[in-house]
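Q: Handing over target05.cif, mmCIF, C-alpha atoms and all ligand atoms.
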```cif
data_data
#
loop_
_atom_site.group_PDB
_atom_site.id
_atom_site.type_symbol
_atom_site.label_atom_id
_atom_site.label_comp_id
_atom_site.auth_asym_id
_atom_site.auth_seq_id
_atom_site.Cartn_x
_atom_site.Cartn_y
_atom_site.Cartn_z
ATOM 1 C CA MET L 21 6.061 -12.994 -14.432
ATOM 2 C CA GLU L 22 7.211 -9.454 -13.938
ATOM 3 C CA LYS L 23 10.774 -8.289 -13.943
ATOM 4 C CA ARG L 24 10.289 -5.481 -11.543
ATOM 5 C CA PRO L 25 12.106 -5.093 -8.247
ATOM 6 C CA VAL L 26 10.745 -7.096 -5.364
ATOM 7 C CA PRO L 27 10.386 -5.679 -1.842
ATOM 8 C CA LYS L 28 12.794 -7.051 0.730
ATOM 9 C CA THR L 29 11.014 -8.532 3.697
ATOM 10 C CA SER L 30 12.371 -8.329 7.217
ATOM 11 C CA PRO L 31 11.369 -10.095 10.451
ATOM 12 C CA VAL L 32 9.222 -7.110 11.428
ATOM 13 C CA SER L 33 7.425 -6.909 8.076
ATOM 14 C CA GLU L 34 7.102 -10.660 7.425
ATOM 15 C CA PHE L 35 3.564 -10.830 8.803
ATOM 16 C CA PHE L 36 2.492 -7.951 6.546
ATOM 17 C CA TRP L 37 3.641 -9.888 3.450
ATOM 18 C CA GLU L 38 2.099 -13.165 4.647
ATOM 19 C CA LYS L 39 -1.292 -11.466 4.889
ATOM 20 C CA ALA L 40 -0.795 -9.620 1.583
ATOM 21 C CA ALA L 41 -0.156 -12.979 -0.095
ATOM 22 C CA ARG L 42 -3.690 -13.944 1.011
ATOM 23 C CA GLY L 43 -5.175 -10.691 -0.253
ATOM 24 C CA GLU L 44 -5.488 -9.055 3.157
ATOM 25 C CA LEU L 45 -4.128 -5.723 4.319
ATOM 26 C CA TRP L 46 -3.065 -5.861 7.976
ATOM 27 C CA LEU L 47 -1.363 -3.023 9.814
ATOM 28 C CA GLN L 48 0.119 -2.693 13.244
ATOM 29 C CA LYS L 49 -2.097 -0.939 15.780
ATOM 30 C CA CYS L 50 -0.608 0.610 18.878
ATOM 31 C CA GLN L 51 -2.255 -0.781 22.007
ATOM 32 C CA ASN L 52 -1.174 2.294 23.968
ATOM 33 C CA CYS L 53 -2.345 5.218 21.779
ATOM 34 C CA SER L 54 -4.706 3.276 19.420
ATOM 35 C CA GLN L 55 -3.111 4.620 16.241
ATOM 36 C CA PHE L 56 -2.571 2.424 13.211
ATOM 37 C CA ILE L 57 0.916 2.670 11.768
ATOM 38 C CA PHE L 58 2.608 1.977 8.467
ATOM 39 C CA TYR L 59 5.316 0.895 7.596
ATOM 40 C CA PRO L 60 5.884 -1.991 10.049
ATOM 41 C CA ARG L 61 8.068 -1.046 13.009
ATOM 42 C CA VAL L 62 9.195 -2.243 16.415
ATOM 43 C CA VAL L 63 7.944 0.819 18.315
ATOM 44 C CA CYS L 64 5.046 3.210 17.740
ATOM 45 C CA PRO L 65 6.222 6.442 16.034
ATOM 46 C CA HIS L 66 3.544 8.412 17.937
ATOM 47 C CA CYS L 67 4.153 7.349 21.544
ATOM 48 C CA PHE L 68 7.183 5.011 21.387
ATOM 49 C CA SER L 69 5.259 2.112 22.909
ATOM 50 C CA ASP L 70 6.331 -1.345 21.772
ATOM 51 C CA LYS L 71 2.824 -2.747 22.302
ATOM 52 C CA LEU L 72 1.941 -3.092 18.622
ATOM 53 C CA GLU L 73 -0.609 -5.624 17.446
ATOM 54 C CA TRP L 74 -1.283 -6.741 13.892
ATOM 55 C CA THR L 75 -4.863 -5.792 13.011
ATOM 56 C CA PRO L 76 -6.888 -6.268 9.806
ATOM 57 C CA THR L 77 -7.922 -3.096 7.966
ATOM 58 C CA SER L 78 -10.794 -2.216 5.642
ATOM 59 C CA GLY L 79 -8.391 -1.862 2.713
ATOM 60 C CA LYS L 80 -10.182 1.370 1.870
ATOM 61 C CA GLY L 81 -8.905 4.903 1.651
ATOM 62 C CA LYS L 82 -8.585 7.914 -0.586
ATOM 63 C CA ILE L 83 -5.902 9.462 -2.728
ATOM 64 C CA TYR L 84 -3.944 11.961 -0.651
ATOM 65 C CA THR L 85 -1.736 13.023 -3.550
ATOM 66 C CA TYR L 86 -0.571 11.515 -6.825
ATOM 67 C CA THR L 87 1.476 11.985 -9.936
ATOM 68 C CA VAL L 88 1.161 10.488 -13.404
ATOM 69 C CA VAL L 89 4.462 8.978 -14.503
ATOM 70 C CA TYR L 90 5.075 9.309 -18.264
ATOM 71 C CA ARG L 91 8.833 8.632 -18.404
ATOM 72 C CA THR L 92 11.140 6.431 -16.417
ATOM 73 C CA ASP L 93 14.715 5.213 -16.548
ATOM 74 C CA LEU L 94 13.696 1.989 -14.813
ATOM 75 C CA ASP L 95 13.376 -0.815 -17.393
ATOM 76 C CA ALA L 96 11.012 -2.762 -15.188
ATOM 77 C CA PHE L 97 8.407 -0.010 -15.399
ATOM 78 C CA THR L 98 8.627 1.098 -19.056
ATOM 79 C CA ASP L 99 5.864 -1.283 -20.178
ATOM 80 C CA LYS L 100 3.528 0.251 -17.569
ATOM 81 C CA LEU L 101 3.811 3.843 -18.791
ATOM 82 C CA PRO L 102 1.942 6.001 -18.218
ATOM 83 C CA TYR L 103 1.012 4.933 -14.695
ATOM 84 C CA ILE L 104 -0.289 6.593 -11.552
ATOM 85 C CA TYR L 105 1.890 6.756 -8.462
ATOM 86 C CA ALA L 106 0.033 7.910 -5.371
ATOM 87 C CA ILE L 107 0.073 8.356 -1.644
ATOM 88 C CA VAL L 108 -3.108 6.762 -0.332
ATOM 89 C CA GLU L 109 -4.547 7.739 3.035
ATOM 90 C CA LEU L 110 -6.213 4.705 4.562
ATOM 91 C CA GLU L 111 -9.477 4.946 6.510
ATOM 92 C CA GLU L 112 -7.454 3.857 9.535
ATOM 93 C CA GLY L 113 -5.141 6.873 9.171
ATOM 94 C CA PRO L 114 -1.741 5.823 7.835
ATOM 95 C CA ARG L 115 -0.548 6.778 4.364
ATOM 96 C CA MET L 116 0.952 4.261 1.954
ATOM 97 C CA SER L 117 2.625 4.774 -1.392
ATOM 98 C CA ALA L 118 1.255 2.612 -4.192
ATOM 99 C CA ASN L 119 0.260 2.566 -7.817
ATOM 100 C CA ILE L 120 -3.359 3.293 -8.700
ATOM 101 C CA ILE L 121 -4.423 0.648 -11.196
ATOM 102 C CA ASN L 122 -7.600 -0.003 -13.202
ATOM 103 C CA CYS L 123 -8.108 3.770 -13.298
ATOM 104 C CA PRO L 124 -8.305 5.914 -16.451
ATOM 105 C CA LEU L 125 -5.840 8.809 -16.228
ATOM 106 C CA ASP L 126 -8.629 11.363 -16.645
ATOM 107 C CA LYS L 127 -10.477 9.919 -13.637
ATOM 108 C CA VAL L 128 -7.700 10.188 -11.074
ATOM 109 C CA ARG L 129 -8.023 13.032 -8.562
ATOM 110 C CA ILE L 130 -7.175 13.937 -5.006
ATOM 111 C CA ASP L 131 -9.682 12.453 -2.510
ATOM 112 C CA LEU L 132 -10.775 9.753 -4.985
ATOM 113 C CA PRO L 133 -12.069 6.785 -2.920
ATOM 114 C CA VAL L 134 -9.879 3.739 -3.512
ATOM 115 C CA GLU L 135 -9.647 0.161 -2.303
ATOM 116 C CA VAL L 136 -6.705 -2.169 -2.022
ATOM 117 C CA VAL L 137 -6.070 -4.775 -4.691
ATOM 118 C CA PHE L 138 -3.152 -7.178 -4.678
ATOM 119 C CA GLU L 139 -0.842 -7.679 -7.654
ATOM 120 C CA GLU L 140 1.309 -10.789 -7.792
ATOM 121 C CA ILE L 141 4.800 -9.571 -8.685
ATOM 122 C CA ALA L 142 6.731 -12.746 -7.868
ATOM 123 C CA PRO L 143 5.689 -16.260 -6.863
ATOM 124 C CA GLY L 144 3.972 -15.972 -3.493
ATOM 125 C CA LEU L 145 4.557 -12.214 -3.296
ATOM 126 C CA ARG L 146 1.584 -9.920 -3.714
ATOM 127 C CA LEU L 147 1.983 -6.163 -3.597
ATOM 128 C CA PRO L 148 -0.816 -3.948 -2.265
ATOM 129 C CA GLN L 149 -1.963 -1.506 -4.938
ATOM 130 C CA PHE L 150 -5.138 0.538 -5.082
ATOM 131 C CA GLN L 151 -7.973 0.971 -7.565
ATOM 132 C CA PRO L 152 -11.047 3.209 -7.638
ATOM 133 C CA HIS L 153 -13.552 2.008 -5.059
ATOM 134 C CA ARG L 154 -16.615 0.360 -6.599
ATOM 135 C CA HIS L 155 -19.780 1.084 -4.668
HETATM 136 ZN ZN ZN N 201 1.367 4.605 20.172
#
```
I'd like the structure from this file rewritten - as C-alpha cells, please.
Ligand SMILES: [Zn+2]
A:
Amino acid sequence: MEKRPVPKTSPVSEFFWEKAARGELWLQKCQNCSQFIFYPRVVCPHCFSDKLEWTPTSGKGKIYTYTVVYRTDLDAFTDKLPYIYAIVELEEGPRMSANIINCPLDKVRIDLPVEVVFEEIAPGLRLPQFQPHRH
C-alpha cells in the first residue's frame, strides 16, 4: 500500500469519502441556487443557503489547467515522478484538484476531456483522480 499522505475526513466531508470508496463522485448541490459545490461545506459559497443536498455527478470534466511535476521534496511522491497535477472543471461546474493518471505526458492539454477514476491509497480510502475520457 502507498505511503502517501491520507486526506483527513470531517463530519461534513464523510459522505463524500463514503461514496468515493464505492467509486462514485457525489457533490453537494445547493437547493436554493442550484449550483454544485466543491469542497464539501455547511453553507453554499454562492448564496449562503444551508440547503445543500448530496447529489451524484457524471464524474466527467475537462482539464482547466495543469502542471507536470518533475521534482518533489515529498518522499511519498518521488516514485510517481513525473506526474500530472491538474485542476479539473467538472461538467457540473466545480473545479477539483487531482492527478491525471493513465495519460502520456505528451497527450495532456488544457480542455482535455477527462473522467474520474478512484485510486485506493489506504484501506477503504479511495481518492478521486482523473484520466483521459474514453469515448
Ligand atoms: Zn446556493
Q: Around all the atoms of segment 39-44 of chain L listed in the file, draw an axis-aligned box and extend it by 5 Å on each of the six sides; I want its centre and edge lengths in Å to one decimal, as JSON.
A:
```
{"center_x": -2.8, "center_y": -11.5, "center_z": 2.3, "size_x": 15.3, "size_y": 14.9, "size_z": 15.1}
```
Q: So what does the PyMOL selection byres (((not hetatm)) within 7 of (chain N and resi 201)) actually pick up in this one, as a VMD selection string?
A: chain L and resid 50 to 55 64 to 69
Q: With C-alpha atoms retained, could you export that selection as an mmCIF file, in the coordinates of the input?
A:
```
data_model
loop_
_atom_site.group_PDB
_atom_site.id
_atom_site.type_symbol
_atom_site.label_atom_id
_atom_site.label_comp_id
_atom_site.auth_asym_id
_atom_site.auth_seq_id
_atom_site.Cartn_x
_atom_site.Cartn_y
_atom_site.Cartn_z
ATOM 1 C CA CYS L 50 -0.608 0.610 18.878
ATOM 2 C CA GLN L 51 -2.255 -0.781 22.007
ATOM 3 C CA ASN L 52 -1.174 2.294 23.968
ATOM 4 C CA CYS L 53 -2.345 5.218 21.779
ATOM 5 C CA SER L 54 -4.706 3.276 19.420
ATOM 6 C CA GLN L 55 -3.111 4.620 16.241
ATOM 7 C CA CYS L 64 5.046 3.210 17.740
ATOM 8 C CA PRO L 65 6.222 6.442 16.034
ATOM 9 C CA HIS L 66 3.544 8.412 17.937
ATOM 10 C CA CYS L 67 4.153 7.349 21.544
ATOM 11 C CA PHE L 68 7.183 5.011 21.387
ATOM 12 C CA SER L 69 5.259 2.112 22.909
#
```
Q: Evaluate the PyMOL selection byres (((chain L and resi 131) around 8) and not hetatm) on the structure here and hand back the selected residues as a VMD selection string.
A: chain L and resid 82 to 84 129 to 130 132 to 133
Q: Evaluate the PyMOL selection byres (((chain L and resi 118) around 7) and not hetatm) against this structure - the residues, as number ranges by chain, please.
A: L: 105-107, 116-117, 119-120, 149-150
Q: In Å, how far is it from atom CA of Val26 of chain L to atom CA of Gly144 of chain L?
A: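 Between these atoms lies a distance of 11.3 Å.
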Q: Using all atoms listed in the file, can you tell me which of L:Thr87, L:Lys127, L:Pro114, L:Gln48 comes closest to Leu72 of chain L?
A: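 Ranking L:Thr87, L:Lys127, L:Pro114, L:Gln48 by distance to Leu72 of chain L, first place goes to L:Gln48.
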Q: If I take atom CA of Tyr103 of chain L and atom CA of Ser78 of chain L, how far is one from the other in Å, to one decimal?
A: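 Computing the Euclidean distance for atom CA of Tyr103 of chain L and atom CA of Ser78 of chain L yields 24.6 Å.
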Q: Between atom CA of Asn122 of chain L and atom CA of Phe97 of chain L, what is the distance, to one decimal in Å?
A: 16.2 Å
Q: So that I can check the surroundings of Pro148 of chain L, please list as an MDAnalysis selection string every protein, DNA and RNA residue that reaches within 12 Å of it, counting only C-alpha atoms and ignoring chain neighbours fewer than 4 positions away.
A: chainID L and resid 27 36:46 79:80 108 116:121 134:141
